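Student: Let me give you the structure first, and then I'll get to my questions.
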Amino acid sequence: MPCWYYDKKELRETPSILDGVTYETERRYRKEGARFIMECGTKMGLGHNTMATGVVYFHRFYMFHSFKSFPRYVTACCCLFLAGKVEETPKKCRDIIKTARGILNDNYFYSFGDDPKEEVMTLERILLQTIKFDLQVEHPYTFLLKYAKCFKGDQPKLQKMVQMAWNFVNDSLSTVVCLQWEPEIIAVALIHLASKLSKFTVLDWLGRQPQHQRWWDMFVSNVTMEILEDICHQVLDLYQSTQKEGQEPNSPPQKPPSRADSPTTTNIKSLASGDCPAATAQPSGNGGIIGINAELNNIQTIKSLAQAVPVAVVSIPPPSDGLPLPTPSAVGGAPLPPPSNLNSNAANYHMYHAPPPPPPPVVPMPPYAANAWTQQPPPPTHYTTTAPPPPMPPNMGPGSAGGGPTGYYNAGRQQQQQQQQQRYQ
């Protein structure tokens, strides 16, 4: 199975950042996509596992692709559509698009193109290949409830702390902690954060052992406070960055994935007509620059190679038998003028065609007689003689049919009768 956990250096070298998107902008795009999935799923009545699975697909997808190539809201709808089928809560694609249309404005919905359903269905195949068909995802919700059942203490305070930790898990989906740590560790960190903020300290728990210094030592091992604090700070930074969203400008509309990074119609017509102008850069709808230098250079190279290769003249040797070939005629019956660069025998064939093969040799056959098919062979001589009769069995003369006292079939019976008479005497 592929490994879906990355360190901080890899998270700062994503395809979007390498494509010119800043680190802060990429984090904002991830947060907007995750919150869009949560809002869209909530309006459609989907469960928390389905929405969380879609968000994890969303984050994993953009570890291999750029936000400039794939608009985040189209990808979010695709991830929610696939997550619904995986979590056995499927929703129709048109219903998801209809819900998204009610959430997004015209500027953002422009990225869905003229056929939004086709865009989402096409992107689903790319999503499956990107996540390598690894569809099963675990979430911190399961481990959160598992750990909370083992705590002892004041039940109202415990319930308040668990609800706060649950909200932290929901908000953590807008960050990239799911790309850094396992769901068990995320659940431990957010329970620890909720216990600090709600002022509920876990002092005792079920299954406590003498070697357990903290409550999470019973569930996970080798987890330091630095790891837990790092996760807590990433979630807390999410609330601080929310206040700055109103000051950031909105992103320009993006083209659909099917029309992104494609040359315009004018360039295609000019290339098809043979004109190869100087390579130019055309601004795309998402603010990026679409370069077609490579395509133009490749076309120019191919055309130059095709024009530079001379056409060789094929000279076909005359046939060995010396027979004259028929002369082709024009429509009016007059013979065609002989070509100047080919010999007379090769003029009857196209210069790209191979010469015809020589005719097969004629094998002389003996002539058949005129009455060969009407004559009948003489009959065999071994059927004309009469075969001798088969030998007769013993005690069976010509006047006996075998049933008389001296017949062949009664000879054995007489012997049996004589033996029985001697036995009883």
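Every chain in the structure tokens has a letter given in the order shown (A, B, ...), and although residue numbers restart at 1 in each chain, ligands are simply numbered from 1 in the order shown.
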From the DSSP assignment of the backbone, select every residue of region 46-127 of chain A that is helix (DSSP H, G or I), and format the answer as a PyMOL selection string.
Tutor: chain A and resi 48-61+72-86+93-103+106-112+116-127
Student: For Cys79 (chain A), find every residue with an atom within 12 Å (counting only C-alpha atoms), except residues of its own chain fewer than 2 positions away, and show them as a PyMOL selection string.
Tutor: chain A and resi 33-34+36-38+40-41+50-62+72-77+81-87+90-91+93+96+120-121+123-128+130-131+135
Student: Store the residues of this selection in a file with N, CA and C atoms, as a short mmCIF file (atom, residue, chain, number, x, y, z; two decimals), in the first residue's frame.
Tutor:
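For reference, out.cif as written:
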data_model
loop_
_atom_site.label_atom_id
_atom_site.label_comp_id
_atom_site.auth_asym_id
_atom_site.auth_seq_id
_atom_site.Cartn_x
_atom_site.Cartn_y
_atom_site.Cartn_z
N GLY A 33 -11.38 24.22 -0.16
CA GLY A 33 -11.91 22.97 -0.72
C GLY A 33 -12.46 22.05 0.35
N ALA A 34 -11.76 21.95 1.48
CA ALA A 34 -12.23 21.09 2.57
C ALA A 34 -13.55 21.61 3.16
N PHE A 36 -15.73 23.45 1.64
CA PHE A 36 -16.77 23.28 0.64
C PHE A 36 -17.32 21.85 0.67
N ILE A 37 -16.44 20.87 0.83
CA ILE A 37 -16.91 19.48 0.93
C ILE A 37 -17.77 19.28 2.16
N MET A 38 -17.36 19.85 3.29
CA MET A 38 -18.15 19.72 4.51
C MET A 38 -19.51 20.41 4.38
N CYS A 40 -21.16 21.15 1.53
CA CYS A 40 -21.96 20.45 0.52
C CYS A 40 -22.49 19.13 1.07
N GLY A 41 -21.63 18.39 1.81
CA GLY A 41 -22.08 17.13 2.40
C GLY A 41 -23.12 17.32 3.48
N THR A 50 -18.20 10.07 5.50
CA THR A 50 -18.19 10.32 4.06
C THR A 50 -17.52 11.64 3.74
N MET A 51 -17.87 12.68 4.49
CA MET A 51 -17.25 13.98 4.23
C MET A 51 -15.76 13.97 4.55
N ALA A 52 -15.38 13.30 5.64
CA ALA A 52 -13.95 13.24 5.99
C ALA A 52 -13.17 12.45 4.95
N THR A 53 -13.76 11.38 4.41
CA THR A 53 -13.08 10.62 3.36
C THR A 53 -12.88 11.47 2.11
N GLY A 54 -13.89 12.26 1.75
CA GLY A 54 -13.73 13.15 0.60
C GLY A 54 -12.65 14.19 0.81
N VAL A 55 -12.52 14.70 2.02
CA VAL A 55 -11.47 15.70 2.30
C VAL A 55 -10.09 15.07 2.21
N VAL A 56 -9.95 13.86 2.72
CA VAL A 56 -8.65 13.18 2.64
C VAL A 56 -8.28 12.91 1.18
N TYR A 57 -9.24 12.49 0.37
CA TYR A 57 -8.98 12.35 -1.07
C TYR A 57 -8.53 13.67 -1.67
N PHE A 58 -9.16 14.75 -1.25
CA PHE A 58 -8.83 16.07 -1.78
C PHE A 58 -7.38 16.44 -1.47
N HIS A 59 -6.96 16.23 -0.22
CA HIS A 59 -5.58 16.57 0.15
C HIS A 59 -4.57 15.66 -0.55
N ARG A 60 -4.88 14.40 -0.68
CA ARG A 60 -3.95 13.49 -1.34
C ARG A 60 -3.83 13.80 -2.83
N PHE A 61 -4.92 14.22 -3.44
CA PHE A 61 -4.90 14.51 -4.87
C PHE A 61 -3.92 15.64 -5.19
N TYR A 62 -3.93 16.69 -4.35
CA TYR A 62 -3.08 17.84 -4.64
C TYR A 62 -1.65 17.67 -4.13
N ARG A 72 -10.19 23.70 -7.67
CA ARG A 72 -10.40 23.04 -6.38
C ARG A 72 -11.86 22.64 -6.17
N TYR A 73 -12.81 23.41 -6.67
CA TYR A 73 -14.21 23.09 -6.42
C TYR A 73 -14.69 21.93 -7.29
N VAL A 74 -14.17 21.80 -8.50
CA VAL A 74 -14.49 20.64 -9.32
C VAL A 74 -13.89 19.38 -8.69
N THR A 75 -12.66 19.50 -8.21
CA THR A 75 -12.04 18.36 -7.53
C THR A 75 -12.77 18.01 -6.25
N ALA A 76 -13.26 19.01 -5.52
CA ALA A 76 -13.99 18.74 -4.28
C ALA A 76 -15.28 17.98 -4.56
N CYS A 77 -16.01 18.36 -5.60
CA CYS A 77 -17.22 17.62 -5.96
C CYS A 77 -16.90 16.19 -6.37
N PHE A 81 -18.16 12.84 -4.48
CA PHE A 81 -18.89 11.84 -5.27
C PHE A 81 -18.28 10.45 -5.09
N LEU A 82 -16.95 10.37 -5.11
CA LEU A 82 -16.29 9.08 -4.92
C LEU A 82 -16.40 8.61 -3.47
N ALA A 83 -16.28 9.51 -2.52
CA ALA A 83 -16.38 9.12 -1.11
C ALA A 83 -17.76 8.59 -0.78
N GLY A 84 -18.80 9.12 -1.40
CA GLY A 84 -20.14 8.60 -1.16
C GLY A 84 -20.28 7.15 -1.59
N LYS A 85 -19.66 6.79 -2.68
CA LYS A 85 -19.72 5.40 -3.12
C LYS A 85 -18.87 4.49 -2.24
N VAL A 86 -17.73 4.98 -1.78
CA VAL A 86 -16.85 4.16 -0.94
C VAL A 86 -17.48 3.92 0.42
N GLU A 87 -18.08 4.93 1.01
CA GLU A 87 -18.69 4.82 2.34
C GLU A 87 -20.12 4.32 2.29
N PRO A 90 -24.07 6.66 -1.40
CA PRO A 90 -23.87 7.31 -2.71
C PRO A 90 -24.89 8.40 -2.96
N LYS A 91 -24.44 9.39 -3.70
CA LYS A 91 -25.28 10.48 -4.17
C LYS A 91 -25.06 10.64 -5.67
N CYS A 93 -24.40 12.32 -9.20
CA CYS A 93 -23.49 13.41 -9.57
C CYS A 93 -24.25 14.70 -9.83
N ILE A 96 -25.04 16.45 -6.56
CA ILE A 96 -23.87 17.14 -5.98
C ILE A 96 -23.61 18.44 -6.72
N VAL A 120 -16.89 16.31 -13.89
CA VAL A 120 -16.71 15.55 -12.65
C VAL A 120 -16.46 14.07 -12.95
N MET A 121 -17.19 13.51 -13.90
CA MET A 121 -17.02 12.10 -14.22
C MET A 121 -15.66 11.83 -14.84
N LEU A 123 -12.94 13.65 -14.26
CA LEU A 123 -11.94 13.83 -13.21
C LEU A 123 -11.93 12.66 -12.23
N GLU A 124 -13.02 11.92 -12.13
CA GLU A 124 -13.04 10.78 -11.21
C GLU A 124 -12.02 9.72 -11.60
N ARG A 125 -11.85 9.49 -12.90
CA ARG A 125 -10.84 8.52 -13.34
C ARG A 125 -9.43 9.00 -13.00
N ILE A 126 -9.19 10.29 -13.14
CA ILE A 126 -7.87 10.82 -12.78
C ILE A 126 -7.66 10.72 -11.27
N LEU A 127 -8.70 10.97 -10.49
CA LEU A 127 -8.60 10.86 -9.04
C LEU A 127 -8.28 9.43 -8.61
N LEU A 128 -8.94 8.45 -9.20
CA LEU A 128 -8.68 7.06 -8.84
C LEU A 128 -7.24 6.65 -9.16
N THR A 130 -4.75 8.71 -9.31
CA THR A 130 -3.83 9.48 -8.46
C THR A 130 -3.70 8.87 -7.08
N ILE A 131 -4.82 8.49 -6.49
CA ILE A 131 -4.77 7.89 -5.14
C ILE A 131 -4.47 6.39 -5.20
N LEU A 135 -8.75 3.22 -1.43
CA LEU A 135 -10.00 3.90 -1.12
C LEU A 135 -10.33 3.91 0.37
#
Student: One number please: CA of Thr224 (chain A) to CA of Lys199 (chain A), in Å, one decimal.
Tutor: 21.0 Å
Student: Please, what distance in Å, to one decimal, runs between CA of Leu158 (chain A) and CA of Val202 (chain A)?
Tutor: 8.9 Å
Student: Counting only C-alpha atoms, which residue out of A:Phe67, A:Trp166, A:Tyr6, A:Trp181 sits closest to Leu144 (chain A)?
Tutor: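 Distance minimum relative to Leu144 (chain A) lands on A:Trp166.
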Student: Report, in Å with one decimal, the straight-line distance from CA of Ile97 (chain A) to CA of Asp115 (chain A).
Tutor: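 Computed distance, CA of Ile97 (chain A) to CA of Asp115 (chain A), equals 10.5 Å.
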